[in-house]
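Structure file run_6.txt; described as compact mmCIF, N, CA and C atoms and all ligand atoms.
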# COMPACT_ATOMS: atom_id res chain seq x y z
N MET A 201 97.44 89.16 153.85
CA MET A 201 97.04 89.58 155.20
C MET A 201 98.25 89.56 156.14
N THR A 202 98.46 90.63 156.86
CA THR A 202 99.57 90.62 157.82
C THR A 202 99.17 89.76 159.03
N LYS A 203 100.18 89.45 159.83
CA LYS A 203 99.94 88.66 161.03
C LYS A 203 98.95 89.38 161.96
N ASP A 204 99.14 90.71 162.08
CA ASP A 204 98.27 91.50 162.93
C ASP A 204 96.82 91.43 162.43
N GLU A 205 96.65 91.53 161.12
CA GLU A 205 95.30 91.45 160.54
C GLU A 205 94.67 90.08 160.77
N LYS A 206 95.50 89.05 160.70
CA LYS A 206 94.99 87.68 160.94
C LYS A 206 94.48 87.55 162.38
N TYR A 207 95.28 88.03 163.32
CA TYR A 207 94.85 87.96 164.73
C TYR A 207 93.60 88.81 164.94
N LYS A 208 93.57 89.99 164.29
CA LYS A 208 92.43 90.90 164.44
C LYS A 208 91.14 90.22 163.97
N ALA A 209 91.26 89.47 162.88
CA ALA A 209 90.08 88.77 162.34
C ALA A 209 89.70 87.58 163.21
N LEU A 210 90.71 86.94 163.77
CA LEU A 210 90.48 85.72 164.56
C LEU A 210 89.94 86.02 165.96
N PHE A 211 90.33 87.16 166.51
CA PHE A 211 89.99 87.45 167.91
C PHE A 211 88.47 87.40 168.19
N PRO A 212 87.65 88.10 167.38
CA PRO A 212 86.20 88.01 167.65
C PRO A 212 85.65 86.59 167.50
N GLN A 213 86.25 85.80 166.61
CA GLN A 213 85.80 84.41 166.46
C GLN A 213 86.10 83.64 167.74
N ILE A 214 87.29 83.87 168.29
CA ILE A 214 87.66 83.20 169.54
C ILE A 214 86.77 83.68 170.68
N GLU A 215 86.49 84.98 170.69
CA GLU A 215 85.60 85.53 171.73
C GLU A 215 84.25 84.82 171.71
N SER A 216 83.70 84.63 170.52
CA SER A 216 82.38 83.99 170.45
C SER A 216 82.46 82.49 170.75
N LEU A 217 83.62 81.88 170.44
CA LEU A 217 83.80 80.46 170.76
C LEU A 217 83.79 80.20 172.26
N VAL A 218 84.39 81.12 173.01
CA VAL A 218 84.54 80.88 174.45
C VAL A 218 83.44 81.51 175.30
N SER A 219 82.71 82.47 174.71
CA SER A 219 81.71 83.16 175.53
C SER A 219 80.57 82.20 175.88
N GLY A 220 80.17 82.25 177.14
CA GLY A 220 79.08 81.39 177.59
C GLY A 220 79.51 79.97 177.93
N GLU A 221 80.78 79.66 177.70
CA GLU A 221 81.27 78.32 178.06
C GLU A 221 82.13 78.41 179.32
N GLN A 222 81.84 77.60 180.29
CA GLN A 222 82.59 77.64 181.55
C GLN A 222 83.71 76.61 181.58
N ASP A 223 83.58 75.55 180.80
CA ASP A 223 84.54 74.45 180.89
C ASP A 223 85.86 74.81 180.20
N MET A 224 86.91 74.86 181.00
CA MET A 224 88.22 75.29 180.51
C MET A 224 88.77 74.35 179.44
N ILE A 225 88.58 73.05 179.61
CA ILE A 225 89.09 72.07 178.63
C ILE A 225 88.42 72.29 177.28
N ALA A 226 87.12 72.49 177.31
CA ALA A 226 86.38 72.71 176.05
C ALA A 226 86.87 73.98 175.37
N LYS A 227 87.09 75.03 176.16
CA LYS A 227 87.56 76.30 175.58
C LYS A 227 88.97 76.15 175.03
N MET A 228 89.83 75.49 175.79
CA MET A 228 91.22 75.29 175.33
C MET A 228 91.24 74.49 174.02
N ALA A 229 90.37 73.50 173.93
CA ALA A 229 90.33 72.65 172.73
C ALA A 229 89.99 73.48 171.50
N ASN A 230 88.97 74.32 171.61
CA ASN A 230 88.58 75.13 170.46
C ASN A 230 89.58 76.24 170.15
N VAL A 231 90.17 76.82 171.18
CA VAL A 231 91.16 77.88 170.93
C VAL A 231 92.41 77.29 170.26
N ALA A 232 92.83 76.11 170.71
CA ALA A 232 93.98 75.46 170.07
C ALA A 232 93.68 75.20 168.59
N ALA A 233 92.49 74.70 168.31
CA ALA A 233 92.12 74.40 166.92
C ALA A 233 92.03 75.68 166.09
N ALA A 234 91.44 76.72 166.65
CA ALA A 234 91.27 77.98 165.90
C ALA A 234 92.63 78.58 165.54
N LEU A 235 93.54 78.63 166.50
CA LEU A 235 94.88 79.20 166.24
C LEU A 235 95.65 78.33 165.25
N HIS A 236 95.58 77.03 165.47
CA HIS A 236 96.33 76.09 164.64
C HIS A 236 95.90 76.16 163.18
N GLU A 237 94.60 76.21 162.97
CA GLU A 237 94.05 76.28 161.60
C GLU A 237 94.38 77.62 160.94
N ALA A 238 94.24 78.69 161.70
CA ALA A 238 94.43 80.03 161.11
C ALA A 238 95.87 80.28 160.69
N PHE A 239 96.82 79.77 161.49
CA PHE A 239 98.23 80.11 161.23
C PHE A 239 99.06 78.95 160.68
N GLY A 240 98.53 77.74 160.75
CA GLY A 240 99.30 76.60 160.25
C GLY A 240 100.55 76.32 161.07
N PHE A 241 100.41 76.50 162.39
CA PHE A 241 101.56 76.20 163.27
C PHE A 241 101.85 74.70 163.27
N TRP A 242 103.00 74.33 163.82
CA TRP A 242 103.37 72.91 163.90
C TRP A 242 102.66 72.22 165.06
N TRP A 243 102.62 72.91 166.18
CA TRP A 243 101.99 72.37 167.39
C TRP A 243 101.37 73.54 168.16
N THR A 244 100.14 73.38 168.57
CA THR A 244 99.44 74.46 169.27
C THR A 244 98.65 73.83 170.41
N GLY A 245 98.99 74.17 171.65
CA GLY A 245 98.24 73.51 172.71
C GLY A 245 98.49 74.09 174.09
N PHE A 246 97.90 73.43 175.05
CA PHE A 246 97.93 73.90 176.43
C PHE A 246 98.53 72.85 177.35
N TYR A 247 99.23 73.33 178.36
CA TYR A 247 99.63 72.50 179.50
C TYR A 247 98.98 73.11 180.73
N ARG A 248 98.34 72.28 181.56
CA ARG A 248 97.66 72.75 182.76
C ARG A 248 98.51 72.51 184.00
N VAL A 249 98.50 73.46 184.91
CA VAL A 249 99.24 73.31 186.17
C VAL A 249 98.53 72.29 187.04
N GLU A 250 99.29 71.26 187.42
CA GLU A 250 98.77 70.24 188.36
C GLU A 250 99.86 70.04 189.40
N GLY A 251 99.75 70.68 190.55
CA GLY A 251 100.79 70.58 191.58
C GLY A 251 102.09 71.18 191.08
N GLU A 252 103.15 70.36 191.10
CA GLU A 252 104.49 70.83 190.71
C GLU A 252 104.79 70.59 189.23
N LYS A 253 103.78 70.15 188.49
CA LYS A 253 104.02 69.83 187.07
C LYS A 253 103.00 70.50 186.16
N LEU A 254 103.41 70.64 184.90
CA LEU A 254 102.47 71.00 183.84
C LEU A 254 102.04 69.69 183.20
N VAL A 255 100.74 69.54 183.00
CA VAL A 255 100.22 68.31 182.40
C VAL A 255 99.57 68.66 181.07
N LEU A 256 99.86 67.84 180.08
CA LEU A 256 99.35 68.06 178.72
C LEU A 256 97.84 68.24 178.70
N GLY A 257 97.41 69.28 178.02
CA GLY A 257 95.97 69.55 177.86
C GLY A 257 95.59 69.48 176.39
N PRO A 258 94.49 70.10 176.01
CA PRO A 258 94.05 70.06 174.62
C PRO A 258 95.10 70.65 173.68
N PHE A 259 95.31 69.98 172.55
CA PHE A 259 96.29 70.48 171.58
C PHE A 259 95.95 70.02 170.17
N GLN A 260 96.62 70.64 169.21
CA GLN A 260 96.56 70.24 167.81
C GLN A 260 97.98 70.01 167.35
N GLY A 261 98.21 68.94 166.62
CA GLY A 261 99.55 68.65 166.13
C GLY A 261 100.01 67.29 166.59
N PRO A 262 101.30 67.00 166.40
CA PRO A 262 101.82 65.68 166.77
C PRO A 262 101.81 65.44 168.28
N ILE A 263 101.97 64.18 168.67
CA ILE A 263 101.98 63.81 170.08
C ILE A 263 103.07 64.59 170.83
N ALA A 264 102.84 64.80 172.13
CA ALA A 264 103.77 65.62 172.91
C ALA A 264 104.02 64.99 174.27
N CYS A 265 105.08 65.47 174.95
CA CYS A 265 105.36 64.96 176.29
C CYS A 265 104.21 65.36 177.22
N THR A 266 103.90 64.48 178.17
CA THR A 266 102.70 64.68 178.96
C THR A 266 102.93 65.51 180.23
N ARG A 267 104.15 65.46 180.79
CA ARG A 267 104.39 66.18 182.04
C ARG A 267 105.68 66.96 181.99
N ILE A 268 105.63 68.22 182.41
CA ILE A 268 106.82 69.08 182.41
C ILE A 268 106.98 69.67 183.82
N PRO A 269 108.13 69.41 184.48
CA PRO A 269 108.33 69.95 185.83
C PRO A 269 108.49 71.48 185.84
N PHE A 270 108.16 72.09 186.98
CA PHE A 270 108.32 73.53 187.21
C PHE A 270 109.76 73.94 186.88
N GLY A 271 109.92 74.94 186.05
CA GLY A 271 111.25 75.46 185.72
C GLY A 271 111.96 74.71 184.61
N ARG A 272 111.35 73.65 184.08
CA ARG A 272 111.99 72.87 183.01
C ARG A 272 111.44 73.24 181.64
N GLY A 273 112.33 73.23 180.64
CA GLY A 273 111.91 73.53 179.28
C GLY A 273 111.42 74.97 179.15
N VAL A 274 110.93 75.28 177.97
CA VAL A 274 110.41 76.64 177.76
C VAL A 274 109.12 76.82 178.55
N CYS A 275 108.30 75.79 178.55
CA CYS A 275 107.01 75.87 179.26
C CYS A 275 107.19 76.05 180.77
N GLY A 276 108.04 75.21 181.34
CA GLY A 276 108.29 75.29 182.78
C GLY A 276 108.98 76.58 183.18
N THR A 277 109.78 77.12 182.27
CA THR A 277 110.46 78.40 182.53
C THR A 277 109.48 79.57 182.48
N ALA A 278 108.58 79.53 181.50
CA ALA A 278 107.56 80.59 181.41
C ALA A 278 106.67 80.57 182.66
N TRP A 279 106.39 79.37 183.15
CA TRP A 279 105.61 79.22 184.38
C TRP A 279 106.38 79.81 185.57
N LYS A 280 107.66 79.43 185.69
CA LYS A 280 108.49 79.90 186.80
C LYS A 280 108.68 81.42 186.76
N GLN A 281 108.95 81.95 185.57
CA GLN A 281 109.19 83.40 185.44
C GLN A 281 107.90 84.20 185.38
N ALA A 282 106.78 83.50 185.24
CA ALA A 282 105.46 84.13 185.16
C ALA A 282 105.41 85.19 184.06
N GLN A 283 105.98 84.83 182.92
CA GLN A 283 105.92 85.74 181.78
C GLN A 283 106.04 84.98 180.46
N THR A 284 105.60 85.64 179.42
CA THR A 284 105.68 85.05 178.08
C THR A 284 107.14 84.91 177.65
N ILE A 285 107.46 83.78 177.03
CA ILE A 285 108.82 83.58 176.51
C ILE A 285 108.74 83.31 175.01
N ILE A 286 109.52 84.10 174.27
CA ILE A 286 109.64 83.91 172.83
C ILE A 286 111.02 83.31 172.57
N VAL A 287 111.05 82.18 171.87
CA VAL A 287 112.32 81.51 171.57
C VAL A 287 112.50 81.43 170.05
N PRO A 288 113.35 82.29 169.48
CA PRO A 288 113.53 82.30 168.02
C PRO A 288 114.18 81.04 167.48
N ASN A 289 115.05 80.42 168.33
CA ASN A 289 115.74 79.19 167.94
C ASN A 289 115.79 78.27 169.15
N VAL A 290 114.94 77.25 169.14
CA VAL A 290 114.83 76.39 170.33
C VAL A 290 116.12 75.62 170.62
N HIS A 291 116.96 75.43 169.61
CA HIS A 291 118.20 74.67 169.81
C HIS A 291 119.21 75.47 170.64
N GLU A 292 118.94 76.76 170.77
CA GLU A 292 119.84 77.60 171.58
C GLU A 292 119.27 77.88 172.97
N PHE A 293 118.10 77.29 173.27
CA PHE A 293 117.50 77.51 174.58
C PHE A 293 117.92 76.37 175.50
N ALA A 294 118.71 76.71 176.52
CA ALA A 294 119.20 75.67 177.43
C ALA A 294 118.03 75.00 178.13
N GLY A 295 117.94 73.69 178.02
CA GLY A 295 116.90 72.93 178.70
C GLY A 295 115.63 72.77 177.89
N HIS A 296 115.65 73.25 176.66
CA HIS A 296 114.48 73.07 175.80
C HIS A 296 114.10 71.59 175.73
N ILE A 297 112.82 71.30 175.82
CA ILE A 297 112.35 69.92 175.74
C ILE A 297 111.85 69.68 174.32
N ALA A 298 112.56 68.84 173.59
CA ALA A 298 112.20 68.60 172.19
C ALA A 298 111.17 67.48 172.09
N CYS A 299 109.90 67.87 172.08
CA CYS A 299 108.84 66.87 171.89
C CYS A 299 108.88 66.41 170.44
N SER A 300 109.29 67.30 169.57
CA SER A 300 109.38 66.98 168.15
C SER A 300 110.64 67.63 167.60
N THR A 301 111.38 66.87 166.81
CA THR A 301 112.64 67.42 166.27
C THR A 301 112.36 68.45 165.17
N ALA A 302 111.12 68.49 164.69
CA ALA A 302 110.78 69.43 163.60
C ALA A 302 110.60 70.86 164.10
N SER A 303 110.45 71.02 165.40
CA SER A 303 110.18 72.35 165.94
C SER A 303 111.46 73.18 166.01
N ASN A 304 111.40 74.41 165.52
CA ASN A 304 112.58 75.29 165.54
C ASN A 304 112.39 76.59 166.29
N SER A 305 111.15 77.06 166.43
CA SER A 305 110.92 78.24 167.28
C SER A 305 109.63 78.03 168.05
N GLU A 306 109.49 78.83 169.10
CA GLU A 306 108.42 78.55 170.07
C GLU A 306 108.02 79.80 170.84
N ILE A 307 106.76 79.84 171.25
CA ILE A 307 106.31 80.89 172.19
C ILE A 307 105.48 80.21 173.27
N VAL A 308 105.68 80.62 174.50
CA VAL A 308 104.88 80.09 175.61
C VAL A 308 104.30 81.26 176.40
N VAL A 309 102.98 81.22 176.58
CA VAL A 309 102.25 82.31 177.25
C VAL A 309 101.56 81.76 178.49
N PRO A 310 101.91 82.25 179.67
CA PRO A 310 101.23 81.78 180.88
C PRO A 310 99.78 82.29 180.93
N ILE A 311 98.91 81.50 181.52
CA ILE A 311 97.50 81.88 181.67
C ILE A 311 97.22 82.13 183.15
N PHE A 312 96.84 83.35 183.45
CA PHE A 312 96.60 83.75 184.84
C PHE A 312 95.11 83.74 185.17
N ARG A 313 94.80 83.25 186.37
CA ARG A 313 93.46 83.41 186.94
C ARG A 313 93.66 83.79 188.40
N ASN A 314 93.11 84.94 188.78
CA ASN A 314 93.29 85.47 190.14
C ASN A 314 94.78 85.52 190.52
N LYS A 315 95.58 86.01 189.59
CA LYS A 315 97.02 86.21 189.79
C LYS A 315 97.82 84.91 189.92
N GLN A 316 97.17 83.77 189.75
CA GLN A 316 97.86 82.48 189.77
C GLN A 316 97.97 81.96 188.34
N ILE A 317 99.08 81.27 188.04
CA ILE A 317 99.18 80.65 186.72
C ILE A 317 98.49 79.29 186.78
N ILE A 318 97.50 79.11 185.92
CA ILE A 318 96.74 77.86 185.93
C ILE A 318 97.10 76.97 184.74
N ALA A 319 97.77 77.55 183.74
CA ALA A 319 98.10 76.79 182.52
C ALA A 319 99.05 77.63 181.69
N VAL A 320 99.58 77.03 180.63
CA VAL A 320 100.34 77.80 179.64
C VAL A 320 99.84 77.43 178.25
N LEU A 321 99.91 78.41 177.36
CA LEU A 321 99.65 78.17 175.94
C LEU A 321 101.02 78.03 175.28
N ASP A 322 101.24 76.94 174.57
CA ASP A 322 102.53 76.66 173.93
C ASP A 322 102.32 76.51 172.43
N ILE A 323 103.08 77.25 171.65
CA ILE A 323 102.98 77.11 170.19
C ILE A 323 104.38 76.90 169.60
N ASP A 324 104.47 75.90 168.73
CA ASP A 324 105.74 75.56 168.08
C ASP A 324 105.63 75.78 166.58
N SER A 325 106.76 76.19 166.00
CA SER A 325 106.80 76.40 164.54
C SER A 325 107.98 75.64 163.95
N VAL A 326 107.83 75.20 162.71
CA VAL A 326 108.96 74.54 162.04
C VAL A 326 109.95 75.57 161.52
N ASP A 327 109.52 76.83 161.42
CA ASP A 327 110.43 77.89 160.97
C ASP A 327 111.14 78.53 162.16
N TYR A 328 112.28 79.12 161.89
CA TYR A 328 112.99 79.87 162.93
C TYR A 328 112.37 81.27 163.02
N GLY A 329 112.41 81.83 164.23
CA GLY A 329 111.99 83.22 164.42
C GLY A 329 110.56 83.53 164.03
N THR A 330 109.67 82.57 164.22
CA THR A 330 108.27 82.79 163.82
C THR A 330 107.56 83.81 164.71
N PHE A 331 107.91 83.83 165.99
CA PHE A 331 107.10 84.60 166.95
C PHE A 331 107.78 85.90 167.36
N ASP A 332 106.94 86.94 167.48
CA ASP A 332 107.46 88.25 167.87
C ASP A 332 106.47 88.96 168.80
N GLU A 333 106.65 90.25 168.98
CA GLU A 333 105.80 91.03 169.89
C GLU A 333 104.32 91.00 169.48
N THR A 334 104.06 90.92 168.18
CA THR A 334 102.67 90.86 167.70
C THR A 334 101.99 89.61 168.23
N ASP A 335 102.69 88.46 168.11
CA ASP A 335 102.13 87.21 168.64
C ASP A 335 101.93 87.33 170.14
N LYS A 336 102.95 87.85 170.82
CA LYS A 336 102.90 87.96 172.28
C LYS A 336 101.66 88.76 172.70
N GLN A 337 101.48 89.93 172.07
CA GLN A 337 100.36 90.79 172.47
C GLN A 337 99.02 90.12 172.23
N TRP A 338 98.83 89.54 171.05
CA TRP A 338 97.55 88.92 170.73
C TRP A 338 97.31 87.64 171.54
N LEU A 339 98.34 86.84 171.69
CA LEU A 339 98.15 85.58 172.43
C LEU A 339 97.89 85.86 173.91
N GLU A 340 98.51 86.90 174.45
CA GLU A 340 98.22 87.27 175.84
C GLU A 340 96.78 87.73 175.97
N LYS A 341 96.32 88.49 174.96
CA LYS A 341 94.94 88.96 174.94
C LYS A 341 93.98 87.75 174.88
N ILE A 342 94.34 86.77 174.07
CA ILE A 342 93.50 85.57 173.94
C ILE A 342 93.46 84.78 175.25
N THR A 343 94.64 84.65 175.88
CA THR A 343 94.66 83.85 177.13
C THR A 343 93.87 84.55 178.24
N GLN A 344 93.69 85.87 178.12
CA GLN A 344 92.92 86.57 179.15
C GLN A 344 91.42 86.33 179.03
N ILE A 345 90.97 85.96 177.84
CA ILE A 345 89.50 85.82 177.67
C ILE A 345 89.03 84.36 177.71
N ILE A 346 89.99 83.42 177.72
CA ILE A 346 89.50 82.03 177.71
C ILE A 346 89.17 81.55 179.13
N1 LIG A 401 109.22 72.48 173.85
C1 LIG A 401 108.47 72.56 175.08
C2 LIG A 401 107.83 71.25 175.42
C3 LIG A 401 106.45 71.10 174.91
S1 LIG A 401 106.38 70.72 173.27
O1 LIG A 401 107.02 71.79 172.49
C4 LIG A 401 104.81 70.52 172.76
C5 LIG A 401 109.37 73.03 176.21
O2 LIG A 401 110.59 73.12 176.06
O3 LIG A 401 108.83 73.32 177.26

In C-alpha cells, how does this file's structure come out?
Amino acid sequence: MTKDEKYKALFPQIESLVSGEQDMIAKMANVAAALHEAFGFWWTGFYRVEGEKLVLGPFQGPIACTRIPFGRGVCGTAWKQAQTIIVPNVHEFAGHIACSTASNSEIVVPIFRNKQIIAVLDIDSVDYGTFDETDKQWLEKITQII
C-alpha cells in the first residue's frame, strides 16, 4: 500500500471517530492513536496553544517536553509562521527541540479554528526524510475535520 492509499483508507475512519464528538481532547487522543498505529511513527501528538506557549496534549509515543514557547523549535516555528513545516533532518533545523534523541525527521501542522491557531499536530520519525507533500496534504485535511 502506498502512503497515499494508507491515508485514503484512514481518512474515513478518522472522520467517523471525530464526528458527533465536541470535545477536542477526546478527538485529539483518538486521532493521535489512529495515525500512530497506522503508520508506526515514533511520536504522534498534539500541542495546544495556551497563551504564549504550546502545552502538551494527547499523544502516542515516548514522554515529551510539556511546554514550547512561541517561535521555538519546529512546533513553535510552525505556530509563528502559521504553516506546516516539514523537516527531513531535525539535526539541521536550528532550534529544534530534541524531546527524544531517536527522532530524525518531523512534520508539524498548525490547527486553525476561525483563522486562529489553536494547536499543532506534531509527528516524529526515527527515519530521515519520512514526511513529504503527501503527508502535508492529508494531515492538513485531517486537522481541518477534528
Ligand atoms: N521536536 C519538537 C518538540 C516536540 S517533540 O518532538 C514531541 C520541536 O522542535 O518543536

Within 7 Å of ligand LIG 401 (chain A), which residues of chain A show up? Give each one with its shortest atom-to-atom distance in Å (one decimal) and the two atoms involved, counting all atoms listed in the file, rows by chain then rising residue number, as CSV.
residue,atom,partner,partner_atom,distance
A:Trp243,CA,A:LIG401,C4,6.3
A:Thr244,N,A:LIG401,C4,6.9
A:Gly245,N,A:LIG401,C4,7.0
A:Ile263,C,A:LIG401,C4,6.5
A:Ala264,CA,A:LIG401,C4,5.0
A:Cys265,N,A:LIG401,C4,5.5
A:Ile268,CA,A:LIG401,O3,7.0
A:Arg272,C,A:LIG401,O3,5.1
A:Gly273,CA,A:LIG401,O2,3.5
A:Val274,N,A:LIG401,O2,2.9
A:Cys275,N,A:LIG401,O3,2.8
A:Gly276,N,A:LIG401,O3,4.6
A:Thr277,N,A:LIG401,O3,6.4
A:Gly295,C,A:LIG401,O2,5.4
A:His296,C,A:LIG401,O2,3.8
A:Ile297,N,A:LIG401,O2,2.9
A:Ala298,N,A:LIG401,N1,4.9
A:Cys299,N,A:LIG401,S1,4.7
A:Ser300,N,A:LIG401,O1,5.8
A:Asp322,C,A:LIG401,C4,6.5
A:Ile323,C,A:LIG401,O1,6.4
A:Asp324,CA,A:LIG401,O1,5.9

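Close contacts of stretch 334-343 of chain A, defined as residues with an atom at most 7 Å away when counting only C-alpha atoms, with chain neighbours fewer than 3 positions off set aside, comprise A:Asp204, A:Tyr207, A:Val309, A:Ile311, A:Phe331, A:Ile346.
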
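When only C-alpha atoms are used to compute distances to A:Pro258, the closest of the residues A:Ile307, A:Met224, A:Ala209, A:Ala282 turns out to be A:Met224.
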
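Distances to A:Gly329 were evaluated for A:Val308, A:Ile286, A:Ala294, A:Leu217 using only C-alpha atoms, and the minimum falls at A:Ile286.
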
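With all atoms listed in the file as the basis for measurement, A:Gln260 is the residue among A:Asn314, A:Gln260, A:Ser303, A:Gln222 that approaches A:Glu237 most closely.
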
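Closest to A:Ile225 among A:Gly257, A:Phe293, A:Ala238, A:Lys315 is A:Gly257, based on all atoms listed in the file.
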
- Note on the structure: If you count all atoms listed in the file, the residue of A:Phe211, A:Glu306, A:Phe241, A:Gly271 closest to A:Ile285 turns out to be A:Glu306

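Here the DSSP assignment of strand (DSSP E or B), based on backbone atoms, applies within stretch 258-314 of chain A to Pro258, Phe259, Gln260, Arg267, Ile268, Pro269, Ile285, Ile286, Val287, Ser305, Glu306, Ile307, Val308, Val309, Pro310, Ile311, Phe312 and Arg313 of chain A.
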
Residue list (alpha helix (DSSP H), DSSP) for stretch 243-296 of chain A, as a tab-separated table (two decimals) with N, CA and C atoms, keeping the file's coordinate frame:
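So states_23.tsv came out as:
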chain	number	residue	atom	x	y	z
A	273	GLY	N	112.33	73.23	180.64
A	273	GLY	CA	111.91	73.53	179.28
A	273	GLY	C	111.42	74.97	179.15
A	274	VAL	N	110.93	75.28	177.97
A	274	VAL	CA	110.41	76.64	177.76
A	274	VAL	C	109.12	76.82	178.55
A	275	CYS	N	108.30	75.79	178.55
A	275	CYS	CA	107.01	75.87	179.26
A	275	CYS	C	107.19	76.05	180.77
A	276	GLY	N	108.04	75.21	181.34
A	276	GLY	CA	108.29	75.29	182.78
A	276	GLY	C	108.98	76.58	183.18
A	277	THR	N	109.78	77.12	182.27
A	277	THR	CA	110.46	78.40	182.53
A	277	THR	C	109.48	79.57	182.48
A	278	ALA	N	108.58	79.53	181.50
A	278	ALA	CA	107.56	80.59	181.41
A	278	ALA	C	106.67	80.57	182.66
A	279	TRP	N	106.39	79.37	183.15
A	279	TRP	CA	105.61	79.22	184.38
A	279	TRP	C	106.38	79.81	185.57
A	280	LYS	N	107.66	79.43	185.69
A	280	LYS	CA	108.49	79.90	186.80
A	280	LYS	C	108.68	81.42	186.76
A	281	GLN	N	108.95	81.95	185.57
A	281	GLN	CA	109.19	83.40	185.44
A	281	GLN	C	107.90	84.20	185.38

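Taking atom N of A:Ile318 as the reference point, atom C of A:Gly261 is found at 22.8 Å.
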
Test item: residues at most 5 Å from A:Val290, all atoms listed in the file, excluding those fewer than 3 positions along its chain, as a PDB file with N, CA and C atoms, in the coordinates of the input:
ATOM      1  N   VAL A 287     111.050  82.180 171.870  1.00  0.00           N
ATOM      2  CA  VAL A 287     112.320  81.510 171.570  1.00  0.00           C
ATOM      3  C   VAL A 287     112.500  81.430 170.050  1.00  0.00           C
ATOM      4  N   PHE A 293     118.100  77.290 173.270  1.00  0.00           N
ATOM      5  CA  PHE A 293     117.500  77.510 174.580  1.00  0.00           C
ATOM      6  C   PHE A 293     117.920  76.370 175.500  1.00  0.00           C
ATOM      7  N   ASN A 304     111.400  74.410 165.520  1.00  0.00           N
ATOM      8  CA  ASN A 304     112.580  75.290 165.540  1.00  0.00           C
ATOM      9  C   ASN A 304     112.390  76.590 166.290  1.00  0.00           C
ATOM     10  N   SER A 305     111.150  77.060 166.430  1.00  0.00           N
ATOM     11  CA  SER A 305     110.920  78.240 167.280  1.00  0.00           C
ATOM     12  C   SER A 305     109.630  78.030 168.050  1.00  0.00           C
TER      13      SER A 305
END

- Task: Write out as a ChimeraX atom specification the residues lying within 8 Å of A:Val255, counting only N, CA and C atoms and excluding same-chain residues fewer than 2 positions away.
- Result: /A:246-253,257-258,265-269,319-320

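Here atom CA of A:Ser216 and atom N of A:His236 stand 15.7 Å from one another.
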
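Going from atom C of A:Thr284 over to atom N of A:Val326, you cover 17.8 Å.
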
Mind working out the centre and edge lengths of an axis-aligned box for stretch 275-292 of chain A, all listed atoms inside, 8 Å added to each side, rounded to one decimal in Å and written as AutoDock Vina command-line options?
--center_x 112.6 --center_y 80.2 --center_z 177.1 --size_x 30.4 --size_y 27.1 --size_z 35.3

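Distance annotation: of A:Ala278, A:Ile317, A:Val231, A:Leu254, the residue with the minimal separation from A:Ile214 is A:Val231; atom set is only C-alpha atoms.
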
Since the input lacks some atoms of stretch 220-230 of chain A, please model N, CA, C and O atoms and print them as an mmCIF file, in the frame of the given file.
data_model
loop_
_atom_site.group_PDB
_atom_site.id
_atom_site.type_symbol
_atom_site.label_atom_id
_atom_site.label_comp_id
_atom_site.auth_asym_id
_atom_site.auth_seq_id
_atom_site.Cartn_x
_atom_site.Cartn_y
_atom_site.Cartn_z
ATOM 1 N N GLY A 220 80.170 82.250 177.140
ATOM 2 C CA GLY A 220 79.080 81.390 177.590
ATOM 3 C C GLY A 220 79.510 79.970 177.930
ATOM 4 O O GLY A 220 78.686 79.184 178.378
ATOM 5 N N GLU A 221 80.780 79.660 177.700
ATOM 6 C CA GLU A 221 81.270 78.320 178.060
ATOM 7 C C GLU A 221 82.130 78.410 179.320
ATOM 8 O O GLU A 221 83.051 79.217 179.362
ATOM 9 N N GLN A 222 81.840 77.600 180.290
ATOM 10 C CA GLN A 222 82.590 77.640 181.550
ATOM 11 C C GLN A 222 83.710 76.610 181.580
ATOM 12 O O GLN A 222 84.687 76.781 182.310
ATOM 13 N N ASP A 223 83.580 75.550 180.800
ATOM 14 C CA ASP A 223 84.540 74.450 180.890
ATOM 15 C C ASP A 223 85.860 74.810 180.200
ATOM 16 O O ASP A 223 85.905 75.035 178.992
ATOM 17 N N MET A 224 86.910 74.860 181.000
ATOM 18 C CA MET A 224 88.220 75.290 180.510
ATOM 19 C C MET A 224 88.770 74.350 179.440
ATOM 20 O O MET A 224 89.395 74.795 178.482
ATOM 21 N N ILE A 225 88.580 73.050 179.610
ATOM 22 C CA ILE A 225 89.090 72.070 178.630
ATOM 23 C C ILE A 225 88.420 72.290 177.280
ATOM 24 O O ILE A 225 89.074 72.281 176.230
ATOM 25 N N ALA A 226 87.120 72.490 177.310
ATOM 26 C CA ALA A 226 86.380 72.710 176.050
ATOM 27 C C ALA A 226 86.870 73.980 175.370
ATOM 28 O O ALA A 226 87.083 74.009 174.144
ATOM 29 N N LYS A 227 87.090 75.030 176.160
ATOM 30 C CA LYS A 227 87.560 76.300 175.580
ATOM 31 C C LYS A 227 88.970 76.150 175.030
ATOM 32 O O LYS A 227 89.269 76.598 173.931
ATOM 33 N N MET A 228 89.830 75.490 175.790
ATOM 34 C CA MET A 228 91.220 75.290 175.330
ATOM 35 C C MET A 228 91.240 74.490 174.020
ATOM 36 O O MET A 228 92.019 74.779 173.123
ATOM 37 N N ALA A 229 90.370 73.500 173.930
ATOM 38 C CA ALA A 229 90.330 72.650 172.730
ATOM 39 C C ALA A 229 89.990 73.480 171.500
ATOM 40 O O ALA A 229 90.654 73.392 170.460
ATOM 41 N N ASN A 230 88.970 74.320 171.610
ATOM 42 C CA ASN A 230 88.580 75.130 170.460
ATOM 43 C C ASN A 230 89.580 76.240 170.150
ATOM 44 O O ASN A 230 89.815 76.552 168.975
#
